[in-house]
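Peer 1: Below is one structure. I have some questions about it.
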Amino acid sequence: MADAARPGGGRRVTPAAPVRRLPLVGVLVLAGVLAAVAGDADVAGPRPAREADPATGPPSGSLTAAWYCPGGVPGAGAEAESLRLANLGDADARVAVTVHPDGGGAPVTTTLEVAARAVTEAARADLGPPGGAVVEAFTGDVVVESALVAEGAVTVEPCATAPATTWYFAAGTTARGVGQHLVLYNPFGSDAKVDVRLYTEAGVTEPDRLRSIDVPRRSRVVVPVHEIERRAQRTAVRVHATLGQVVAEQTLTYGADTGTPGLARSAGAVAPAGRWHVPHATVGPGVTTVVAVANPNDVDADVDVVAVAADPDTLIDPLSVTVPAGRVTWVRIGGCPEPPAPDAPCVPVAADGVVALDVVAAAADLPVVAEHLARFGGGRGVLTSRAGSAGGREWRFAAAAVAGVSRGSLTLVTTGTAPVSADVVVVRGGEVTEPERLAGVEVVPGRPTVVPLDDLLARGTALVVRATGDVVAQRTLGGGAEVTASLGVRGARR
Amino acid sequence: METPDPSTGADLLVPEDRAEVAAAAPPVVAVVVTNAPGPLLDAALASLAGQQYPALSVLVVDNGSPGDPRARIAEVAPDAFVRRLPEDVGFARAANEAIAAVEGATFLLFCHDDVVLEPDAVRVMVEEAYRSNAAIVGPKFVDYDEPDVLLEVGMAVDHYGVPYSGIEPGEIDQEQHDAVRDVFYVSNAAMLVRADLLAELGGFDPKTFPGSDDLDLCWRARLAGARVLVAPDARARHRKATLEDVRPTRRNEVGEVDAWTRSRVRVLVKSYSGPALWWVLPTAFALDLVEALALVGARRPGRARALLAGWVAAFRDLGDLRRARAATQRARRVADGDVRDLMVRGSARVRTFLTRRLHAGDRLAAVSTRTRDAVVQVGARARASHVVIAAVIVALIALGSRSIVADGVAQVGWFADWPGASSLWGTFLSPWRYALVGADAPAPPAFGLMALLSSALAGDSDLARTLVVAGAMPLGALGAYRLARPLAPSPTPAVTAALAYVANPVVRNAVAEGLLGPLVLFALAPWILATLLRASGAAGDRTTRLHAIVTVALLGLVTVAAWPPALAFAPLVVAAFACSVPLVRGVRVTARAAWVAGGATALVVLLCAPWVLTLPGADAATWGLLPRPPLSLGDALAFRTGDAGAGLAPFGILVAAALPLAVATGARLAWAGRAWVLAAMSFALAWLPARLDAGVPVPAPEGVLVPAALALALAAGLGAAAFLEELRTFHFGWRQVVAVVAALGLALPVLGMAGDAFGGRWRMPDEDWATEFDWIADETPAGGFRVLWVGDPTILPGDPKVAGGVGYVLTRDGASDGRALWAPAENAAAATVGRALALARDGETSRLGHLLAPAGVRYVAVLERPAPDAGPRRPPDPALRDALARQLDLGVSRAGRGATLYENGAYAPRRAVAPGDVASAGADDPLEAAARAELAGSEPVTGPLDGSDPAPPGTLLWAEAADGGWRAAADGERLARDDAFGWTNGFARSEGGRVAISFDGGPRRVVAYLQLVAWAAVAVVWWRTRRGRAGAGA
């Protein structure tokens, strides 16, 4: 066996004993086999982006929390808007309100101090000219709601906690005498561009005037839908930002010639869902309650509308409805005409009172959008209320009441199958109290639990609902000619 | 002496009447086994009776013949003893009767009943047995009717027990096979066996009859250390060749095929060692299966079935087989390798077919000789082919690097622009590290080395940078050449190693991704390894060792300065040597290498101090460890760390490197083993950490795989050396085929390299973000600013830090330059930036711009690709990307081509006078204070740092990490410093005027000078020991 020179140079070395090939090759092959058998690492996919939910409050420990209040429609009660800032924490909170005026102009920032466990009310007009407003709190314990109290109109709606690329509004109409406005607010430093699509009884329409709407940075755009799509008895809206993100609100203004004047404002849903909850719908004489179901899919969607009365003795049969693709269907609750009208589905409810509504899509891959709309005869107004698609264990309301409201209630429904116990905590004047009658409220599955707020209808009062399971909480205020309903702000999941 | 009755077959003793003669010659008993004897029995017995050998007795074992042959036997051989068996028990069992029946015999001569021995045959065989100390001897068999025709002169087998005689049909005996020689076995048609050995072995194994009983006996004899010879001077005439007679042919019954296969398999199982059985049995079965299929194709399914049935039958009685094997292995004295020397290579079936059917024996030999000559010629040409290979290397490197040299190096990854030599010197000597948000930390030695190189090139730092990037491949190739040069007199193995090294895709990926550290390691690793190996030689005086230590240290200084994980290279080599000791020995080699590596590593630490002393305890990113996509085993083995190395071509390097494992011997095989162990460890380091924990930060695989690339290149060179120096002594066989495959394997990655060379930049992008955003620097506002680069840390320009899986880099006044590289360990100030990003990502702030304002961040660049419209797409954390879009104080300035640039509406210059009292803001929580503060109205402070333009009164903010070493003076009067926002510097000023800011770094500058002195001293030692080494003739 010839000597071999060593690599790198140096003296030639003859090994003392011959190198055995087989063990060397065997060890190397064995190492390779073991590695091959061990396999490669399982690679987890990229962490999905946290879906920002405009209806969910910021994390409690947030350094700053922003609330986006698009503001009312000029000439439709915006002048009477006010902001309710409820500080649910134990320390005073500093809040910066920045108004982005309509028509351009430098932003106007006002700094407010909100005492601990108290509610501060600020008139919108005192904060700056008309326009969208961003309320930045240097804590996650502040809840912001926008209230609009005017002659013949009252709405109280939480401001959004996040923008979104897409917004849906199911309950709209451009019937004679009704003004349907979309307020598109871009509070960020980059321009946005938005397409608006309408789902009507006739199908999907995308008018040119509703395409590529520019929403410049730090500004808002008010879109008069009723001037573009006229005389559509039922319209549902999809707002989609092709560039940037926006915060959207819809306002319905019913004029006197509609018979039930009033103003309804609602925040939109950011995505269709397979199930929607409306905790509180009123059935009775002089009340027209509907749940609007919009189907944004390309195929027809079957949905079940289930109404459950607060009175356990009242039984209501569910109704199955087919919502055509790209259209919206209004399902009336109670007050069904005799004989039943074709193409006018109605859930017959024998007794008057409060019912909870569930809208359930039959197919999981065909989600829909649902929204509650009610018109109260006798000039008592109109309300729209976004339905809830997900429950939570905590719900916050910055305003238990507003001026002119004499009646109010909190209505809770569970989203699970087990009973839930809920406590309603009152925050007012630096104190947090838990009234005995509001403690341990039992919420039975499938049935609305109505908690009257009559003794809590004082201004400067915030409410927090804490439950042992997931619930959906709705506040309904009324009195006189004004009614309003809205879901609260869901507490952030820990 | 008792004379037994021959008719009874009682114990046979040496007959009295021959006692005198027998006393002079060892007694031999001829055992003739007969069954229904034919006409040749008389002649056979007569030949035994007529033997010249004096001490020969004859025992005829009648194996159940129908008639009594005693009378016939007595007629021809009246002195013969007869032992009758009641039935036919087969030759082996019958022959074994002799063991019990015979006493006192030295040899037993087994004969068939149709073999006629020449009168001197027994004498010749006995004499040869003594002369050669053989235990078994066989004669030359010739045809009974044509004694000139050879039948058999000893037998061989292939590895699978198939016999092979090597005699062509009708071959004339011209004494061409008349040399006494060792053979694998001899036929028991006439077999002289030492009686004691036969008794020790237990005689023939009856279960190997028919077909392999003689083979089995001889194999067992060999394993016991005995010799088996053929003595051609002893002639025996036989009616038929044993090959045809006993071994089944076409004319034999199918049942004999079954029995013969069973016997052969039994012999294999008994005789081979355990490890060998793992490959012999499956291969033998596979060959039989192929033959069975061929028989089916030839419409002989019966024989095919019998062939396979024989396998089944062989394993029917596992207990007996196990016992028989145990007995054989107990008697083993020699290894299989010693026995295999007499086996024929390849398939005896094929050889027999060729020699017997095509009479191609001579032609086979001619082909083998011609092929060997051709291999020799190829080898001769190969020795001269190094010029061609070297030209290929040079051409490919030149072609692939032309655009880099002509158009410059793009600023991707770590290939940031180098500032001028004076700036580099300033950075090296500065007591403050201007990277991230600044740190009181020593400058990395890399800046000193960059400054030295730039100064040596007359201050042309651009040229220096281009030289480093474009020169890494040729320098690495040259190093691999020098490493492998001593392998053989011809340079061909060395250029082969160089080619294998430079064709490895790992270096092209390092260039494409801007990985400066791994690239430097690629260039210098061969030189380090060569020095280590040279120093591990048998003789080496103190000067040589010192020179080696200093050489490795100086090379290590450069590699570690560029890439801290390179500190593990020399220890890894030593560890590989140590792990290979059980396989290839070489304890002294390992010990010497360890001595040199240890000394060199310690010296590297000293030379890199004090910077290297800040690494322990630093965050993983400071070491170059980042969260990366896990590398699969296949990708690691193919060096597929990026776009280069796609497909199967890179596996060709493994194929080429496997050649020495197959064909090398001696020291070459040992070094190939060490190289492969080093490669295996390198592969493991690249693959295993992520396999155990997919999220663990790991170093760049391009650097981790450099040892593997180098080791395999060395192995390829060893293979080439073995091909040139050793393979020519072998006849044509599988080794030559393997060599051809290895050569083809090496060609594949070269083709891949050629493909990547066409672009002229080794896939390095020709644009970069620094150029894309150079308008930022043009719009530099007064007071200075920073850019925060955010995204996947593996695609960010510069030296990223990682916070919650998000990579970030901070640069000054634009994309910055090389001074932002080798960022210091993350301090509290830098961690604040990471926290701010995490808060934004988790939705806990919408004022990220405010949080970043105290750091002077004016732009936030979110990258998805390493270069504009180029490189892999690696989107950032979706949650962070969405969160950035929702920040109220960030607005999109540019978007597209793989990046989104946000402008910070809350920005404040790096040096500015802030409104209000912010000096003490944020003492508890810097981020909370920053969120509340409105710094957008800050007044920038312009002018030199050591004497600004007049600035208004107020708190002077200096956006470097808070440190008591920062001093500010206005009109000579020192200003009080405070930690503004908890992590930056604020100086309270009640009056306006010029301000001078400086940093008191203590003796750090002196330490930097001392570091230079240390380098120079070591360089002098290197030079002087080099001359001393040359003078010693080492």
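Each chain in the structure tokens gets a letter, A, B and so on, in the order shown; residues start at 1 in every chain, and ligands are counted from 1 in the order they appear.
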So that I can see what lies close to Leu28 of chain A, please list as an MDAnalysis selection string the residues with an atom at most 10 Å from it, counting only C-alpha atoms and leaving out residues fewer than 6 positions away in the same chain.
Peer 2: (chainID A and resid 22 34) or (chainID B and resid 673 676:677 680)
Peer 1: Write out, as a PDB file, in the first residue's frame, the residues just selected, with N, CA and C atoms.
Peer 2:
ATOM      1  N   LEU A  22     -14.701  -0.365   5.945  1.00  0.00           N
ATOM      2  CA  LEU A  22     -16.105  -0.663   6.217  1.00  0.00           C
ATOM      3  C   LEU A  22     -16.643   0.069   7.446  1.00  0.00           C
ATOM      4  N   LEU A  34     -29.790   7.870  10.147  1.00  0.00           N
ATOM      5  CA  LEU A  34     -30.443   8.375  11.359  1.00  0.00           C
ATOM      6  C   LEU A  34     -31.006   9.771  11.128  1.00  0.00           C
TER       7      LEU A  34
ATOM      8  N   GLY B 673     -11.514  10.024   5.692  1.00  0.00           N
ATOM      9  CA  GLY B 673     -12.406   9.809   6.826  1.00  0.00           C
ATOM     10  C   GLY B 673     -12.514  11.042   7.700  1.00  0.00           C
ATOM     11  N   TRP B 676     -14.625  13.617   5.989  1.00  0.00           N
ATOM     12  CA  TRP B 676     -16.060  13.328   6.021  1.00  0.00           C
ATOM     13  C   TRP B 676     -16.643  13.544   7.416  1.00  0.00           C
ATOM     14  N   VAL B 677     -15.900  13.262   8.432  1.00  0.00           N
ATOM     15  CA  VAL B 677     -16.411  13.509   9.788  1.00  0.00           C
ATOM     16  C   VAL B 677     -16.584  15.007   9.996  1.00  0.00           C
ATOM     17  N   ALA B 680     -19.663  15.967   8.182  1.00  0.00           N
ATOM     18  CA  ALA B 680     -20.868  15.528   8.888  1.00  0.00           C
ATOM     19  C   ALA B 680     -21.177  16.441  10.066  1.00  0.00           C
TER      20      ALA B 680
END
Peer 1: Kindly provide, as an mmCIF file with C-alpha atoms, in the first residue's frame, the residues of chain B having any atom no farther than 7 Å from an atom of chain A, counting only C-alpha atoms.
Peer 2:
data_model
loop_
_atom_site.group_PDB
_atom_site.id
_atom_site.type_symbol
_atom_site.label_atom_id
_atom_site.label_comp_id
_atom_site.auth_asym_id
_atom_site.auth_seq_id
_atom_site.Cartn_x
_atom_site.Cartn_y
_atom_site.Cartn_z
ATOM 1 C CA ARG B 482 -2.703 24.795 -1.547
ATOM 2 C CA LEU B 483 -4.433 22.617 0.992
ATOM 3 C CA ALA B 484 -4.636 19.679 -1.397
ATOM 4 C CA ARG B 485 -1.391 20.183 -3.280
ATOM 5 C CA PRO B 486 0.673 17.693 -1.302
ATOM 6 C CA LEU B 487 -1.769 14.888 -2.033
ATOM 7 C CA ALA B 488 0.045 13.766 -5.145
ATOM 8 C CA ALA B 530 -3.875 23.914 5.662
ATOM 9 C CA THR B 531 -1.892 25.522 8.432
ATOM 10 C CA LEU B 533 -2.787 20.170 9.058
ATOM 11 C CA ARG B 534 0.764 21.179 8.334
ATOM 12 C CA GLY B 537 2.735 16.723 11.096
ATOM 13 C CA ALA B 538 5.041 14.323 12.866
ATOM 14 C CA LEU B 583 -12.292 5.095 12.869
ATOM 15 C CA VAL B 584 -9.043 6.252 11.345
ATOM 16 C CA PRO B 630 -35.267 25.852 9.194
ATOM 17 C CA SER B 632 -34.057 20.788 5.702
ATOM 18 C CA LEU B 633 -31.604 17.912 5.700
ATOM 19 C CA LEU B 661 -13.996 6.230 0.694
ATOM 20 C CA GLY B 666 -3.812 4.024 3.804
ATOM 21 C CA ALA B 667 -3.262 7.616 4.750
ATOM 22 C CA ARG B 668 -5.508 8.916 1.973
ATOM 23 C CA LEU B 669 -8.381 6.884 3.297
ATOM 24 C CA ALA B 670 -7.649 8.153 6.797
ATOM 25 C CA GLY B 673 -12.406 9.809 6.826
ATOM 26 C CA ALA B 690 -33.628 24.086 13.977
ATOM 27 C CA ARG B 691 -34.662 20.431 13.895
ATOM 28 C CA ALA B 694 -37.587 25.616 14.840
ATOM 29 C CA GLU B 844 -51.259 48.687 22.514
ATOM 30 C CA THR B 845 -50.392 51.950 20.895
ATOM 31 C CA SER B 846 -51.291 53.995 17.883
ATOM 32 C CA PRO B 878 -48.465 40.427 9.368
ATOM 33 C CA ALA B 879 -49.560 41.763 12.741
ATOM 34 C CA ARG B 886 -52.885 51.970 11.826
ATOM 35 C CA GLN B 887 -50.429 54.311 13.482
ATOM 36 C CA LEU B 888 -51.831 57.805 13.620
ATOM 37 C CA ASP B 889 -48.479 59.521 13.415
ATOM 38 C CA LEU B 890 -47.028 57.506 10.512
ATOM 39 C CA GLY B 891 -47.919 58.246 6.934
ATOM 40 C CA VAL B 892 -46.949 56.283 3.849
ATOM 41 C CA GLU B 928 -45.099 56.427 28.212
#
Peer 1: When DSSP works through the backbone of this structure, what residues of segment 884-1014 of chain B end up as alpha helix (DSSP H), shown as a PyMOL selection string?
Peer 2: chain B and resi 884-885+926-932+1004-1014
Peer 1: Please list as a list in words every residue within 9 Å of Gly335 of chain A, counting only C-alpha atoms and excluding residues in the same chain fewer than 3 positions away.
Peer 2: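 Selected residues are Val283, Gly284, Pro285, Val287, Thr288, Thr289, Arg332, Cys346, Val347, Pro348, Val349 and Ala350 of chain A.
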Peer 1: Just N, CA and C atoms for this one: save the residues we selected as a PDB file, in the first residue's frame.
Peer 2:
ATOM      1  N   VAL A 283     -91.350  44.004  20.016  1.00  0.00           N
ATOM      2  CA  VAL A 283     -92.512  43.600  19.210  1.00  0.00           C
ATOM      3  C   VAL A 283     -93.741  44.171  19.904  1.00  0.00           C
ATOM      4  N   GLY A 284     -94.553  44.818  19.115  1.00  0.00           N
ATOM      5  CA  GLY A 284     -95.752  45.367  19.718  1.00  0.00           C
ATOM      6  C   GLY A 284     -96.483  46.275  18.757  1.00  0.00           C
ATOM      7  N   PRO A 285     -97.563  46.819  19.174  1.00  0.00           N
ATOM      8  CA  PRO A 285     -98.328  47.693  18.291  1.00  0.00           C
ATOM      9  C   PRO A 285     -97.543  48.971  18.019  1.00  0.00           C
ATOM     10  N   VAL A 287     -94.970  49.223  16.356  1.00  0.00           N
ATOM     11  CA  VAL A 287     -93.518  49.020  16.192  1.00  0.00           C
ATOM     12  C   VAL A 287     -93.298  48.121  14.988  1.00  0.00           C
ATOM     13  N   THR A 288     -92.484  48.556  14.117  1.00  0.00           N
ATOM     14  CA  THR A 288     -92.083  47.706  12.993  1.00  0.00           C
ATOM     15  C   THR A 288     -90.627  47.323  13.204  1.00  0.00           C
ATOM     16  N   THR A 289     -90.479  46.066  13.509  1.00  0.00           N
ATOM     17  CA  THR A 289     -89.123  45.565  13.767  1.00  0.00           C
ATOM     18  C   THR A 289     -88.753  44.610  12.652  1.00  0.00           C
ATOM     19  N   ARG A 332     -89.421  40.557   8.846  1.00  0.00           N
ATOM     20  CA  ARG A 332     -90.165  41.291   9.867  1.00  0.00           C
ATOM     21  C   ARG A 332     -90.340  40.409  11.091  1.00  0.00           C
ATOM     22  N   CYS A 346     -91.825  36.928   7.428  1.00  0.00           N
ATOM     23  CA  CYS A 346     -92.220  37.493   8.702  1.00  0.00           C
ATOM     24  C   CYS A 346     -92.211  36.393   9.737  1.00  0.00           C
ATOM     25  N   VAL A 347     -91.699  36.692  10.896  1.00  0.00           N
ATOM     26  CA  VAL A 347     -91.717  35.746  12.004  1.00  0.00           C
ATOM     27  C   VAL A 347     -92.923  36.092  12.857  1.00  0.00           C
ATOM     28  N   PRO A 348     -93.881  35.220  12.924  1.00  0.00           N
ATOM     29  CA  PRO A 348     -95.083  35.559  13.700  1.00  0.00           C
ATOM     30  C   PRO A 348     -94.785  35.489  15.194  1.00  0.00           C
ATOM     31  N   VAL A 349     -95.041  36.585  15.869  1.00  0.00           N
ATOM     32  CA  VAL A 349     -94.889  36.640  17.312  1.00  0.00           C
ATOM     33  C   VAL A 349     -96.234  37.013  17.895  1.00  0.00           C
ATOM     34  N   ALA A 350     -96.755  36.138  18.716  1.00  0.00           N
ATOM     35  CA  ALA A 350     -98.113  36.344  19.209  1.00  0.00           C
ATOM     36  C   ALA A 350     -98.176  37.449  20.236  1.00  0.00           C
TER      37      ALA A 350
END
Peer 1: For Ala364 of chain A, work out the shell of residues within 7 Å, counting only C-alpha atoms and skipping chain neighbours fewer than 3 positions away, then give it as an MDAnalysis selection string.
Peer 2: chainID A and resid 274 361 367
Peer 1: Could you please determine the separation between atom CA of Ala861 of chain B and atom CA of Pro876 of chain B in Å, to one decimal place?
Peer 2: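 For atom CA of Ala861 of chain B relative to atom CA of Pro876 of chain B, the distance reads 11.2 Å.
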Peer 1: Mind checking which residues fall within 9 Å of Ala94 of chain B, counting only C-alpha atoms, ignoring those fewer than 5 positions away in the same chain, and posting them as a PyMOL selection string?
Peer 2: chain B and resi 33-34+61-63+85+88-89+206
Peer 1: Just C-alpha atoms for this one: save the residues we selected as a PDB file, in the first residue's frame.
Peer 2:
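Listed below is the output, result-v4.pdb:
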ATOM      1  CA  VAL B  33     -17.592 -43.883  -1.776  1.00  0.00           C
ATOM      2  CA  THR B  34     -19.595 -45.917  -4.202  1.00  0.00           C
ATOM      3  CA  VAL B  61     -17.797 -47.271   1.639  1.00  0.00           C
ATOM      4  CA  ASP B  62     -20.673 -48.830  -0.151  1.00  0.00           C
ATOM      5  CA  ASN B  63     -23.483 -46.349   0.001  1.00  0.00           C
ATOM      6  CA  LEU B  85     -24.158 -48.954   4.548  1.00  0.00           C
ATOM      7  CA  ASP B  88     -27.785 -44.389   0.320  1.00  0.00           C
ATOM      8  CA  VAL B  89     -27.025 -41.634   2.794  1.00  0.00           C
ATOM      9  CA  PRO B 206     -24.337 -33.840   5.060  1.00  0.00           C
TER      10      PRO B 206
END
Peer 1: Just the residues within 7 Å of Glu152 of chain B, please, counting only C-alpha atoms, with nothing from its chain fewer than 4 positions along; format it as an MDAnalysis selection string.
Peer 2: chainID B and resid 140:142 165 167 241
Peer 1: Using only C-alpha atoms, please write the residues we just selected to a file, as a PDB file, in the first residue's frame.
Peer 2:
ATOM      1  CA  LYS B 140      -5.534 -31.798 -11.630  1.00  0.00           C
ATOM      2  CA  PHE B 141      -8.544 -33.416 -13.254  1.00  0.00           C
ATOM      3  CA  VAL B 142      -8.402 -34.367 -16.913  1.00  0.00           C
ATOM      4  CA  SER B 165     -13.252 -23.227 -12.462  1.00  0.00           C
ATOM      5  CA  ILE B 167     -11.257 -23.761 -17.460  1.00  0.00           C
ATOM      6  CA  ALA B 241     -16.004 -32.642 -14.899  1.00  0.00           C
TER       7      ALA B 241
END
Peer 1: Between A:Gly408, A:Pro261, A:Pro224, A:Gly430, which is the closest to Ala374 of chain A once you count only C-alpha atoms?
Peer 2: A:Pro261
Peer 1: Show which residues sit within 9 Å of Thr942 of chain B, as number ranges by chain. Count only C-alpha atoms, and ignore same-chain residues fewer than 3 positions away.
Peer 2: B: 782-784, 911-912, 945, 948-951
Peer 1: Keeping only C-alpha atoms, take the residues you just selected and write them out as a CSV table (one decimal), in the first residue's frame.
Peer 2:
chain,number,residue,atom,x,y,z
B,782,ALA,CA,-31.1,69.9,10.0
B,783,GLY,CA,-30.2,68.1,13.1
B,784,GLY,CA,-29.9,64.7,11.7
B,911,ARG,CA,-29.9,67.0,17.9
B,912,ALA,CA,-32.6,69.4,18.8
B,945,LEU,CA,-20.8,68.4,17.1
B,948,SER,CA,-22.9,73.9,17.0
B,949,ASP,CA,-24.5,76.9,15.4
B,950,PRO,CA,-26.3,79.1,17.8
B,951,ALA,CA,-29.3,77.3,19.3
